[in-house]
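Asks: One structure follows; several queries about it will come next.
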Amino acid sequence: MGASRTLWLWAPDAGRVELLLGDDRLPMARDGDVWTADVDAPDGTPYAFSLDGGDPRPDPRGLRLPDGPHGWSALFDPSVFSWSDDAWGGSPLEGR
């Protein structure tokens, strides 16, 4: 299906955290202050977190936010992205 990965969220005060993955609601497992869920889904799959049954929240560590910082996050693995900027040498740091 997709790439297997573990998503985690630091939420020390939450009593319950669910991973909203596409159309699915998956319970996350608590380990101290951190909640985790193993998922197998392709890059681009939208996801969010629900704390104690609340509104969906984006991943604060999300690498892809297609709908901005308040929308759902999207799964993204930079190691499989086909980069096309190999020849870029960076910006000059003149005056520094």
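FYI, nothing fancy with the structure tokens labels: chains A, B, ... in order, residues from 1 per chain, ligands from 1 as they appear.
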Need to verify the contact set: range 21-32 of chain A, 9 Å, only C-alpha atoms, exclusion of same-chain residues closer than 6 positions in sequence. Can you return it as JSON, numbers by chain?

Replies: {"A": [8, 12, 38, 39, 41, 45, 46, 47, 48, 49, 50]}

Asks: With only C-alpha atoms as the counted atoms, please give the residues lying no more than 12 Å from Asp55 in chain A, apart from itself and same-chain residues fewer than 5 positions off, as a list in words.

Replies: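 Skipping anything fewer than 5 positions along the chain leaves Val17, Glu18, Leu19, Leu20, Ala48, Phe49, Ser50, His70, Gly71 and Trp72 of chain A.
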
Asks: If you run DSSP over the backbone, which residues in chain A end up strand (DSSP E)? Put them as number ranges by chain.

Replies: A: 3-10, 17-21, 24-27, 29-31, 34-41, 46-51, 73-74

Asks: Using only C-alpha atoms, determine which residues lie at most 12 Å from Ser4 in chain A, disregarding the query and same-chain residues fewer than 4 positions distant; provide the list as an MDAnalysis selection string.

Replies: chainID A and resid 37:43 75:77

Asks: A:Val80, A:Ala87, A:Leu9, A:Val34: which is nearest Arg57 in chain A, counting only C-alpha atoms?

Replies: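 Closest candidate: A:Leu9.
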
Asks: Restricting the calculation to only C-alpha atoms, which member of A:Gly44, A:Gly89, A:Gly15, A:Gly53 is positioned closest to Leu65 in chain A?

Replies: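 Smallest separation from Leu65 in chain A among the options: A:Gly44.
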